[in-house]
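Asker: Below is the file input33.cif, with mmCIF, C-alpha atoms.
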```cif
data_entry
loop_
_atom_site.label_atom_id
_atom_site.label_comp_id
_atom_site.auth_asym_id
_atom_site.auth_seq_id
_atom_site.Cartn_x
_atom_site.Cartn_y
_atom_site.Cartn_z
CA MET A 1 -10.91 29.18 -7.39
CA ALA A 2 -12.42 29.62 -3.94
CA LEU A 3 -10.57 32.90 -3.47
CA LEU A 4 -11.75 34.22 -6.83
CA ALA A 5 -15.32 33.14 -6.15
CA LEU A 6 -15.30 34.97 -2.82
CA ALA A 7 -13.68 38.02 -4.43
CA GLU A 8 -16.45 38.36 -7.04
CA ASP A 9 -18.60 40.21 -4.53
CA PRO A 10 -16.38 40.86 -1.51
CA THR A 11 -19.10 42.53 0.55
CA ALA A 12 -21.56 39.63 0.27
CA TRP A 13 -21.70 36.84 2.83
CA ARG A 14 -21.54 33.44 1.12
CA HIS A 15 -22.62 29.93 2.14
CA GLY A 16 -20.32 26.91 1.85
CA TYR A 17 -22.56 24.94 -0.51
CA ASP A 18 -23.07 27.96 -2.78
CA LEU A 19 -19.30 28.25 -3.10
CA CYS A 20 -19.07 24.52 -3.88
CA GLN A 21 -21.63 24.95 -6.65
CA GLN A 22 -19.97 28.05 -8.08
CA THR A 23 -16.47 26.60 -8.14
CA GLY A 24 -17.37 22.99 -8.90
CA LEU A 25 -15.40 21.87 -5.85
CA LYS A 26 -16.73 19.17 -3.55
CA ALA A 27 -17.23 19.77 0.17
CA GLY A 28 -14.16 17.66 0.88
CA SER A 29 -12.05 20.17 -1.05
CA MET A 30 -13.89 23.40 -0.32
CA TYR A 31 -14.02 23.24 3.49
CA PRO A 32 -10.26 22.64 3.99
CA ILE A 33 -9.65 25.67 1.76
CA LEU A 34 -12.10 27.79 3.77
CA ILE A 35 -10.54 26.58 7.04
CA ARG A 36 -7.04 27.50 5.86
CA LEU A 37 -8.16 30.87 4.56
CA ALA A 38 -9.76 31.60 7.94
CA ASP A 39 -6.62 30.41 9.79
CA ARG A 40 -4.52 32.86 7.80
CA GLY A 41 -6.87 35.74 8.53
CA TRP A 42 -8.04 36.03 4.94
CA LEU A 43 -11.60 34.89 5.60
CA GLU A 44 -14.17 36.35 7.95
CA THR A 45 -16.81 33.97 9.28
CA THR A 46 -20.10 34.49 11.07
CA TRP A 47 -23.35 32.65 11.76
CA GLU A 48 -26.74 33.59 10.36
CA THR A 49 -28.77 35.68 12.76
CA GLU A 50 -32.15 35.50 11.00
CA ILE A 51 -32.95 31.81 10.99
CA PRO A 52 -36.10 30.38 9.40
CA ALA A 53 -37.85 27.91 11.72
CA GLY A 54 -36.87 24.28 11.46
CA ARG A 55 -33.26 24.55 10.38
CA PRO A 56 -29.97 25.39 12.05
CA PRO A 57 -28.19 28.69 11.36
CA ARG A 58 -25.78 28.58 8.44
CA HIS A 59 -22.13 29.57 8.54
CA LEU A 60 -21.32 32.56 6.33
CA TYR A 61 -18.06 33.61 4.75
CA ARG A 62 -16.52 36.66 3.12
CA LEU A 63 -12.97 37.84 2.47
CA THR A 64 -11.20 40.17 4.87
CA GLU A 65 -9.28 43.13 3.43
CA ALA A 66 -6.10 41.07 3.56
CA GLY A 67 -7.90 38.21 1.83
CA LEU A 68 -9.16 40.54 -0.88
CA GLU A 69 -5.61 41.80 -1.50
CA ILE A 70 -4.40 38.21 -1.82
CA ALA A 71 -7.25 37.41 -4.19
CA LYS A 72 -6.33 40.40 -6.38
CA GLU A 73 -2.68 39.31 -6.43
CA PHE A 74 -3.74 35.78 -7.26
CA ALA A 75 -6.02 36.94 -10.08
CA ALA A 76 -3.22 39.11 -11.52
CA ALA A 77 -0.71 36.22 -11.30
CA LYS A 78 -3.20 33.91 -13.00
CA ALA A 79 -3.78 36.42 -15.80
CA ARG A 80 0.01 36.78 -16.28
CA ALA A 81 0.38 32.98 -16.44
CA VAL A 82 -2.38 32.72 -19.05
CA ARG A 83 -0.77 35.47 -21.15
CA ALA A 84 2.63 33.77 -20.90
CA LYS A 85 1.14 30.42 -21.93
CA ARG A 86 -0.58 32.00 -24.93
CA ALA A 87 2.69 33.68 -25.91
CA ARG A 88 4.51 30.33 -25.75
CA LEU A 89 1.86 28.60 -27.85
CA ARG A 90 1.62 31.32 -30.55
CA PRO A 91 4.82 30.54 -32.51
CA ARG A 92 3.91 26.81 -32.63
CA THR A 93 0.40 27.62 -33.89
CA GLU A 94 1.75 29.97 -36.53
CA GLY A 95 4.33 27.42 -37.62
CA ALA A 96 1.73 24.65 -37.95
CA MET B 1 -37.48 20.06 7.09
CA ARG B 2 -36.36 16.62 8.26
CA LEU B 3 -37.78 15.33 11.51
CA THR B 4 -35.31 12.44 11.82
CA ALA B 5 -31.68 12.19 10.81
CA ASP B 6 -31.01 10.18 7.65
CA ALA B 7 -27.86 8.19 6.92
CA PRO B 8 -25.82 11.08 5.42
CA GLU B 9 -26.60 13.26 8.44
CA ARG B 10 -25.76 10.48 10.90
CA ILE B 11 -22.45 9.79 9.13
CA LEU B 12 -21.46 13.45 9.07
CA ALA B 13 -22.56 13.98 12.68
CA ALA B 14 -20.53 10.96 13.83
CA ALA B 15 -17.45 12.29 12.02
CA VAL B 16 -17.97 15.80 13.42
CA ARG B 17 -18.07 14.41 16.98
CA ARG B 18 -14.50 13.21 16.42
CA MET B 19 -13.26 16.64 15.33
CA PRO B 20 -10.81 18.47 17.58
CA ALA B 21 -12.52 21.13 19.71
CA GLU B 22 -10.89 24.03 17.85
CA ARG B 23 -12.37 22.76 14.57
CA ARG B 24 -15.81 21.77 15.87
CA GLU B 25 -17.33 25.03 14.59
CA TRP B 26 -16.55 23.93 11.03
CA GLY B 27 -18.26 20.63 11.70
CA ALA B 28 -21.38 22.47 12.84
CA ALA B 29 -21.12 24.60 9.69
CA MET B 30 -21.09 21.51 7.46
CA LEU B 31 -24.03 19.96 9.35
CA ALA B 32 -26.01 23.19 8.96
CA GLU B 33 -25.20 23.24 5.25
CA LEU B 34 -26.27 19.61 4.88
CA ALA B 35 -29.62 20.50 6.45
CA GLN B 36 -30.31 22.75 3.40
CA LEU B 37 -29.82 19.99 0.86
CA GLN B 38 -32.78 17.93 -0.29
CA HIS B 39 -31.64 15.66 -3.13
CA PRO B 40 -30.38 12.30 -1.78
CA PHE B 41 -27.37 12.16 -4.14
CA THR B 42 -26.35 15.72 -3.23
CA ARG B 43 -26.78 14.95 0.48
CA TRP B 44 -24.64 11.81 0.25
CA ARG B 45 -21.90 13.56 -1.70
CA PHE B 46 -21.81 16.53 0.63
CA ALA B 47 -21.94 14.35 3.76
CA LEU B 48 -19.12 12.05 2.62
CA GLY B 49 -16.92 15.00 1.64
CA GLY B 50 -17.69 16.71 4.94
CA ALA B 51 -17.01 13.53 6.90
CA TRP B 52 -13.61 13.28 5.24
CA VAL B 53 -12.83 16.87 6.30
CA ALA B 54 -14.08 16.13 9.82
CA LEU B 55 -11.90 13.04 10.15
CA PHE B 56 -8.83 14.67 8.60
CA PRO B 57 -9.17 18.42 9.28
CA PRO B 58 -6.37 20.81 8.30
CA ARG B 59 -3.83 21.40 11.06
CA LYS B 60 -4.47 24.44 13.20
CA LYS B 61 -1.08 26.14 12.89
CA GLY B 62 -0.38 25.77 9.20
CA LEU B 63 1.28 22.77 7.66
CA SER B 64 4.08 20.88 9.32
CA PRO B 65 7.12 20.16 7.16
CA SER B 66 5.61 16.75 6.37
CA GLY B 67 2.00 17.96 6.36
CA GLY B 68 1.70 18.45 2.60
CA ILE B 69 3.21 15.09 1.84
CA MET B 70 0.94 13.44 4.43
CA ASN B 71 -2.11 14.88 2.66
CA VAL B 72 -0.97 13.32 -0.58
CA TYR B 73 -0.44 9.94 1.11
CA LEU B 74 -3.96 10.15 2.52
CA ARG B 75 -5.25 10.91 -0.94
CA LYS B 76 -3.44 7.87 -2.30
CA LEU B 77 -4.87 5.78 0.54
CA ARG B 78 -8.35 7.00 -0.38
CA GLY B 79 -7.70 6.01 -4.01
CA VAL B 80 -6.45 2.55 -3.07
CA THR B 81 -9.45 2.02 -0.77
CA GLY B 82 -11.82 3.13 -3.52
CA ILE B 83 -10.24 0.73 -6.01
CA SER B 84 -10.52 -2.14 -3.49
CA LEU B 85 -14.19 -1.36 -2.88
CA ILE B 86 -14.84 -1.47 -6.63
CA TRP B 87 -12.90 -4.69 -7.13
CA ALA B 88 -14.75 -6.65 -4.44
CA PRO B 89 -18.25 -6.61 -6.01
CA VAL B 90 -16.87 -6.81 -9.55
CA TYR B 91 -14.91 -9.96 -8.64
CA ALA B 92 -17.99 -11.47 -7.03
CA ALA B 93 -20.16 -10.61 -10.06
CA MET B 94 -17.63 -11.95 -12.58
CA PHE B 95 -17.22 -15.14 -10.58
CA MET B 96 -20.99 -15.61 -10.38
CA VAL B 97 -21.33 -15.25 -14.16
CA LEU B 98 -18.45 -17.65 -14.86
CA ALA B 99 -19.69 -20.17 -12.31
CA GLY B 100 -23.17 -19.95 -13.85
CA ILE B 101 -21.77 -20.67 -17.32
CA ALA B 102 -19.56 -23.48 -16.00
CA ALA B 103 -22.51 -25.04 -14.15
CA ILE B 104 -24.24 -25.61 -17.51
CA PHE B 105 -21.48 -27.98 -18.58
CA ILE B 106 -20.04 -29.30 -15.31
CA PRO B 107 -22.10 -30.14 -12.25
CA ILE B 108 -20.59 -28.08 -9.43
CA ARG B 109 -20.74 -29.56 -5.95
CA GLY B 110 -19.28 -27.83 -2.95
CA ASP B 111 -19.71 -27.74 0.80
CA VAL B 112 -19.75 -23.93 0.73
CA GLY B 113 -23.07 -22.20 -0.02
CA PRO B 114 -23.37 -19.67 -2.87
CA VAL B 115 -23.66 -16.64 -0.57
CA ARG B 116 -20.63 -17.68 1.46
CA MET B 117 -18.73 -18.36 -1.77
CA LEU B 118 -19.57 -14.89 -3.12
CA ALA B 119 -18.42 -13.34 0.16
CA ILE B 120 -15.11 -15.20 -0.09
CA ILE B 121 -14.62 -14.12 -3.72
CA ALA B 122 -15.48 -10.52 -2.79
CA GLN B 123 -12.80 -10.65 -0.06
CA VAL B 124 -10.29 -11.98 -2.59
CA GLY B 125 -11.33 -9.14 -4.91
CA PHE B 126 -10.91 -6.58 -2.13
CA ILE B 127 -7.41 -7.76 -1.24
CA SER B 128 -6.39 -8.07 -4.91
CA GLY B 129 -7.79 -4.60 -5.56
CA SER B 130 -5.76 -3.20 -2.65
CA LEU B 131 -2.56 -4.73 -4.01
CA PHE B 132 -3.36 -3.52 -7.52
CA GLY B 133 -4.09 -0.04 -6.16
CA LEU B 134 -0.77 0.03 -4.32
CA LEU B 135 1.14 -1.10 -7.42
CA LEU B 136 -0.69 1.44 -9.57
CA SER B 137 -0.20 4.29 -7.12
CA PHE B 138 3.56 3.84 -6.87
CA ALA B 139 4.45 2.51 -10.34
CA GLU B 140 2.34 5.14 -12.14
CA ASN B 141 2.85 7.91 -9.59
CA GLY B 142 2.19 11.39 -10.95
CA LYS B 143 1.04 10.24 -14.41
CA ALA B 144 -2.01 11.71 -16.09
CA ILE B 145 -4.81 9.14 -16.40
CA ARG B 146 -4.97 9.70 -20.15
CA THR B 147 -1.35 8.59 -20.51
CA LEU B 148 -1.62 5.35 -18.51
CA SER B 149 -0.68 2.31 -20.59
CA LEU B 150 -3.40 -0.37 -20.50
CA GLY B 151 -0.71 -3.04 -20.98
CA ARG B 152 1.13 -1.94 -17.85
CA VAL B 153 -2.16 -1.60 -15.98
CA ALA B 154 -3.04 -5.19 -16.95
CA LEU B 155 0.35 -6.29 -15.62
CA TRP B 156 -0.30 -4.57 -12.27
CA GLY B 157 -3.73 -6.19 -12.20
CA MET B 158 -2.26 -9.64 -12.77
CA LEU B 159 0.47 -9.13 -10.17
CA GLY B 160 -1.98 -7.71 -7.64
CA SER B 161 -4.25 -10.70 -8.13
CA ALA B 162 -1.50 -13.30 -8.04
CA VAL B 163 -0.05 -12.33 -4.66
CA PHE B 164 -2.99 -13.42 -2.49
CA PRO B 165 -3.40 -17.00 -3.81
CA ILE B 166 0.37 -17.53 -3.81
CA LEU B 167 0.80 -16.29 -0.23
CA THR B 168 -2.15 -18.36 1.02
CA GLY B 169 -0.92 -21.61 -0.56
CA ARG B 170 -3.52 -21.63 -3.36
CA ALA B 171 -1.14 -21.17 -6.26
CA ASP B 172 -3.39 -23.36 -8.46
CA GLN B 173 -5.96 -20.54 -8.45
CA VAL B 174 -3.58 -18.12 -10.13
CA PHE B 175 -4.79 -19.33 -13.53
CA TRP B 176 -8.20 -17.71 -13.05
CA VAL B 177 -7.46 -14.80 -10.71
CA CYS B 178 -4.71 -13.33 -12.93
CA PRO B 179 -6.95 -12.94 -16.01
CA PHE B 180 -9.68 -11.63 -13.67
CA GLY B 181 -7.25 -9.07 -12.31
CA ALA B 182 -6.04 -8.00 -15.75
CA ILE B 183 -9.58 -7.60 -17.07
CA VAL B 184 -10.86 -5.67 -14.06
CA ALA B 185 -7.77 -3.44 -13.98
CA MET B 186 -7.98 -2.59 -17.67
CA ALA B 187 -11.73 -2.00 -17.51
CA LEU B 188 -11.38 0.29 -14.49
CA VAL B 189 -8.63 2.39 -16.03
CA ALA B 190 -10.35 2.49 -19.42
CA LEU B 191 -13.50 3.83 -17.73
CA ALA B 192 -11.39 6.32 -15.75
CA ARG B 193 -9.77 7.50 -19.01
CA LYS B 194 -13.18 7.91 -20.61
CA ALA B 195 -14.35 9.83 -17.55
CA ALA B 196 -11.25 12.06 -17.65
CA LEU B 197 -11.95 12.86 -21.31
CA ARG B 198 -15.57 13.72 -20.50
CA ASP B 199 -14.56 15.59 -17.33
CA ALA B 200 -17.11 13.55 -15.36
CA THR B 201 -15.94 14.75 -11.94
CA HIS B 202 -19.30 16.32 -11.17
CA PRO B 203 -21.82 13.82 -12.48
CA LYS B 204 -25.38 14.86 -13.13
CA GLN B 205 -26.55 11.74 -14.96
CA LEU B 206 -26.30 8.06 -14.06
CA PRO B 207 -23.69 7.10 -16.74
CA ASP B 208 -21.48 9.99 -15.56
CA LEU B 209 -21.84 8.72 -12.00
CA PHE B 210 -20.46 5.31 -13.00
CA LEU B 211 -17.59 6.99 -14.84
CA ALA B 212 -16.88 9.24 -11.85
CA CYS B 213 -16.77 6.17 -9.57
CA ALA B 214 -14.00 4.79 -11.79
CA LEU B 215 -12.20 8.10 -12.25
CA MET B 216 -11.94 9.35 -8.68
CA PRO B 217 -10.11 6.43 -7.04
CA VAL B 218 -7.74 6.01 -10.00
CA ARG B 219 -6.99 9.75 -10.03
CA ASP B 220 -6.36 9.75 -6.29
CA ALA B 221 -4.15 6.66 -6.51
CA VAL B 222 -1.86 8.09 -9.22
CA SER B 223 -1.76 11.60 -7.73
CA PRO B 224 1.83 12.87 -7.49
CA LEU B 225 3.80 12.63 -4.26
CA LYS B 226 5.57 15.94 -4.86
CA LYS B 227 3.62 18.63 -3.06
CA SER B 228 0.61 19.52 -0.94
CA ALA B 229 -2.88 19.58 -2.41
CA THR B 230 -3.46 23.06 -0.97
#
```
Could you rewrite the structure in this file as structure tokens?

Answerer:
Amino acid sequence: MALLALAEDPTAWRHGYDLCQQTGLKAGSMYPILIRLADRGWLETTWETEIPAGRPPRHLYRLTEAGLEIAKEFAAAKARAVRAKRARLRPRTEGA
Amino acid sequence: MRLTADAPERILAAAVRRMPAERREWGAAMLAELAQLQHPFTRWRFALGGAWVALFPPRKKGLSPSGGIMNVYLRKLRGVTGISLIWAPVYAAMFMVLAGIAAIFIPIRGDVGPVRMLAIIAQVGFISGSLFGLLLSFAENGKAIRTLSLGRVALWGMLGSAVFPILTGRADQVFWVCPFGAIVAMALVALARKAALRDATHPKQLPDLFLACALMPVRDAVSPLKKSAT
């Protein structure tokens, strides 16, 4: 889910909480995923440079090219799995 | 803008200070993200999730052969702890209600004050909840919450509650702790089942929050031991 959310607009830098909101994942799930993606070289990270007064700079994330390739493969595999599941369910539905 | 740190920020900051140096940047990232959040419930939820990550960050060089399994054990531990923390106040509340009803008919005299008595009952509830959680997590390992049998859950609740009085030489108390255990266990799992049906994992209203409090520890406790959560 995190990969697909990041792949929606691969050029945009995203914040951790925005990703939590988009995917429905809690911080306790989202940050380990982001950390692992970064460890594997699939996620690029940076800090905000334009910081409004009174708050710390936020950490920003976007997929690397390798990460984007993985996301595309993942999306394709997910689509195949959904199609296969639908194909398995069809005969039962027709028989019912 | 907050001039002083509130409890969620202090908790997350304390956890981040314990992070290994190579992961400290992620701790700073979570603290910065927390600084954006205004709503108290959102702040608490984010801070507790972040503190968990800070205390148990992913390993730097991928997973060790046992790393995935260890994550699942930690998840089960979190579930068992959550169940224990629910059982403690529920035990104390149930005991208070029963003692109040009993006091109408029988004059109760004791050398232990009511607050001390409630603390003792809450401790009994905590320990019984831990034992129930352990029984549930291993006996019902990998099962979907919707398929859990309430009869079996009641049995684990009774067994979990019976162990403490028996081991501490208070076997005569089994007669009231076992029904307590069965009732609390069934109620907790019934609420978790209701929450699973409503998909109340991301509560926005107060009733959903109660359901989520029941769902999350039960779901963690029965999570399968087969593979990593990654």

Asker: If the PyMOL selection byres ((chain A) within 6 of (chain B)) is run on the structure shown, which residues does it catch, given as a PyMOL selection string?

Answerer: chain A and resi 27-28+56+58-59

Asker: Residues at most 8 Å from B:Leu150, counting only C-alpha atoms, excluding those fewer than 5 positions away in the same chain, as an MDAnalysis selection string?

Answerer: chainID B and resid 186 189:190

Asker: List the neighbours of stretch 68-79 of chain A out to 12 Å using only C-alpha atoms; skip same-chain residues closer than 3 positions along the sequence, and give me the result as a list in words.

Answerer: Met1, Ala2, Leu3, Leu4, Ala5, Leu6, Ala7, Glu8, Asp9, Pro10, Thr11, Leu37, Arg40, Gly41, Trp42, Leu43, Glu44, Arg62, Leu63, Thr64, Glu65, Val82, Arg83, Ala84, Lys85 and Arg86 of chain A

Asker: How far is it from atom CA of B:Cys213 to atom CA of B:Ala154, in Å with one decimal?

Answerer: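 So the answer is 19.3 Å.
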
Asker: Mind giving me the axis-aligned box for stretch 25-37 of chain B with 8 Å on every side, centre plus edges in Å to one decimal, as lines of an AutoDock Vina configuration file?

Answerer:
```
center_x = -23.4
center_y = 22.3
center_z = 7.7
size_x = 29.8
size_y = 21.4
size_z = 29.7
```

Asker: Restricting the calculation to only C-alpha atoms: of B:Phe180, B:Phe175, B:Tyr73, B:Trp44, which residue gets closest to B:Pro224?

Answerer: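 Of B:Phe180, B:Phe175, B:Tyr73, B:Trp44, the one nearest B:Pro224 is B:Tyr73, counting only C-alpha atoms.
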
Asker: Which one of A:Gly67, A:Leu89, A:Ala53, A:Ala81 sits closest to A:Asp39 if you count only C-alpha atoms?

Answerer: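 Of all the options, A:Gly67 lies closest to A:Asp39.
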
Asker: Every residue with an atom at most 9 Å from (-3.6, 7.0, -12.2) (file coordinates; all atoms listed in the file) is what I'm after, so could you write them as a ChimeraX atom specification?

Answerer: /B:136-137,140-148,189,192,215,217-223

Asker: As an exercise, work out the distance from atom CA of B:Leu131 to atom CA of B:Thr81 in Å and give it to one decimal place.

Answerer: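 For atom CA of B:Leu131 relative to atom CA of B:Thr81, the distance reads 10.2 Å.
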
Asker: For atom CA of B:Met96 and atom CA of B:Leu118, determine how far apart the two atoms are, in Å to one decimal place.

Answerer: 7.4 Å

Asker: For the point (-1.1, -9.0, -7.3) in file coordinates, what residues are within 9 Å, counting only C-alpha atoms? Give the answer as a ChimeraX atom specification?

Answerer: /B:127-132,135,155-164,178,181

Asker: Please enumerate the residues selected by the PyMOL selection byres ((chain A and resi 21) around 12) when evaluated against the supplied file, formatted as a PyMOL selection string.

Answerer: (chain A and resi 1-2+5+14-20+22-27+30) or (chain B and resi 42+46+202)

Asker: Could stretch 41-59 of chain A be completed with N, CA and C atoms and written as a PDB file, in the frame of the given file, please?

Answerer:
```pdb
ATOM      1  N   GLY A  41      -6.299  34.407   8.360  1.00  0.00           N
ATOM      2  CA  GLY A  41      -6.870  35.740   8.530  1.00  0.00           C
ATOM      3  C   GLY A  41      -7.373  36.343   7.241  1.00  0.00           C
ATOM      4  N   TRP A  42      -7.572  35.511   6.226  1.00  0.00           N
ATOM      5  CA  TRP A  42      -8.040  36.030   4.940  1.00  0.00           C
ATOM      6  C   TRP A  42      -9.552  35.883   4.783  1.00  0.00           C
ATOM      7  N   LEU A  43     -10.162  35.153   5.709  1.00  0.00           N
ATOM      8  CA  LEU A  43     -11.600  34.890   5.600  1.00  0.00           C
ATOM      9  C   LEU A  43     -12.272  35.229   6.926  1.00  0.00           C
ATOM     10  N   GLU A  44     -13.374  35.964   6.794  1.00  0.00           N
ATOM     11  CA  GLU A  44     -14.170  36.350   7.950  1.00  0.00           C
ATOM     12  C   GLU A  44     -15.361  35.375   8.003  1.00  0.00           C
ATOM     13  N   THR A  45     -15.683  34.900   9.187  1.00  0.00           N
ATOM     14  CA  THR A  45     -16.810  33.970   9.280  1.00  0.00           C
ATOM     15  C   THR A  45     -17.822  34.488  10.302  1.00  0.00           C
ATOM     16  N   THR A  46     -19.056  34.145  10.099  1.00  0.00           N
ATOM     17  CA  THR A  46     -20.100  34.490  11.070  1.00  0.00           C
ATOM     18  C   THR A  46     -21.235  33.483  10.912  1.00  0.00           C
ATOM     19  N   TRP A  47     -22.173  33.530  11.842  1.00  0.00           N
ATOM     20  CA  TRP A  47     -23.350  32.650  11.760  1.00  0.00           C
ATOM     21  C   TRP A  47     -24.565  33.494  11.408  1.00  0.00           C
ATOM     22  N   GLU A  48     -25.482  32.903  10.700  1.00  0.00           N
ATOM     23  CA  GLU A  48     -26.740  33.590  10.360  1.00  0.00           C
ATOM     24  C   GLU A  48     -27.440  34.032  11.644  1.00  0.00           C
ATOM     25  N   THR A  49     -28.019  35.218  11.596  1.00  0.00           N
ATOM     26  CA  THR A  49     -28.770  35.680  12.760  1.00  0.00           C
ATOM     27  C   THR A  49     -30.279  35.529  12.557  1.00  0.00           C
ATOM     28  N   GLU A  50     -30.711  35.694  11.290  1.00  0.00           N
ATOM     29  CA  GLU A  50     -32.150  35.500  11.000  1.00  0.00           C
ATOM     30  C   GLU A  50     -32.334  34.087  10.489  1.00  0.00           C
ATOM     31  N   ILE A  51     -32.870  33.229  11.331  1.00  0.00           N
ATOM     32  CA  ILE A  51     -32.950  31.810  10.990  1.00  0.00           C
ATOM     33  C   ILE A  51     -34.404  31.393  10.784  1.00  0.00           C
ATOM     34  N   PRO A  52     -34.742  30.922   9.577  1.00  0.00           N
ATOM     35  CA  PRO A  52     -36.100  30.380   9.400  1.00  0.00           C
ATOM     36  C   PRO A  52     -36.312  29.183  10.323  1.00  0.00           C
ATOM     37  N   ALA A  53     -37.551  29.002  10.771  1.00  0.00           N
ATOM     38  CA  ALA A  53     -37.850  27.910  11.720  1.00  0.00           C
ATOM     39  C   ALA A  53     -37.531  26.555  11.090  1.00  0.00           C
ATOM     40  N   GLY A  54     -37.050  25.662  11.915  1.00  0.00           N
ATOM     41  CA  GLY A  54     -36.870  24.280  11.460  1.00  0.00           C
ATOM     42  C   GLY A  54     -35.523  23.964  10.859  1.00  0.00           C
ATOM     43  N   ARG A  55     -34.606  24.899  10.870  1.00  0.00           N
ATOM     44  CA  ARG A  55     -33.260  24.550  10.380  1.00  0.00           C
ATOM     45  C   ARG A  55     -32.206  25.314  11.183  1.00  0.00           C
ATOM     46  N   PRO A  56     -31.022  24.732  11.256  1.00  0.00           N
ATOM     47  CA  PRO A  56     -29.970  25.390  12.050  1.00  0.00           C
ATOM     48  C   PRO A  56     -29.410  26.609  11.316  1.00  0.00           C
ATOM     49  N   PRO A  57     -28.788  27.523  12.038  1.00  0.00           N
ATOM     50  CA  PRO A  57     -28.190  28.690  11.360  1.00  0.00           C
ATOM     51  C   PRO A  57     -27.009  28.247  10.494  1.00  0.00           C
ATOM     52  N   ARG A  58     -26.874  28.925   9.358  1.00  0.00           N
ATOM     53  CA  ARG A  58     -25.780  28.580   8.440  1.00  0.00           C
ATOM     54  C   ARG A  58     -24.554  29.425   8.721  1.00  0.00           C
ATOM     55  N   HIS A  59     -23.399  28.864   8.387  1.00  0.00           N
ATOM     56  CA  HIS A  59     -22.130  29.570   8.540  1.00  0.00           C
ATOM     57  C   HIS A  59     -21.920  30.412   7.280  1.00  0.00           C
TER      58      HIS A  59
END
```
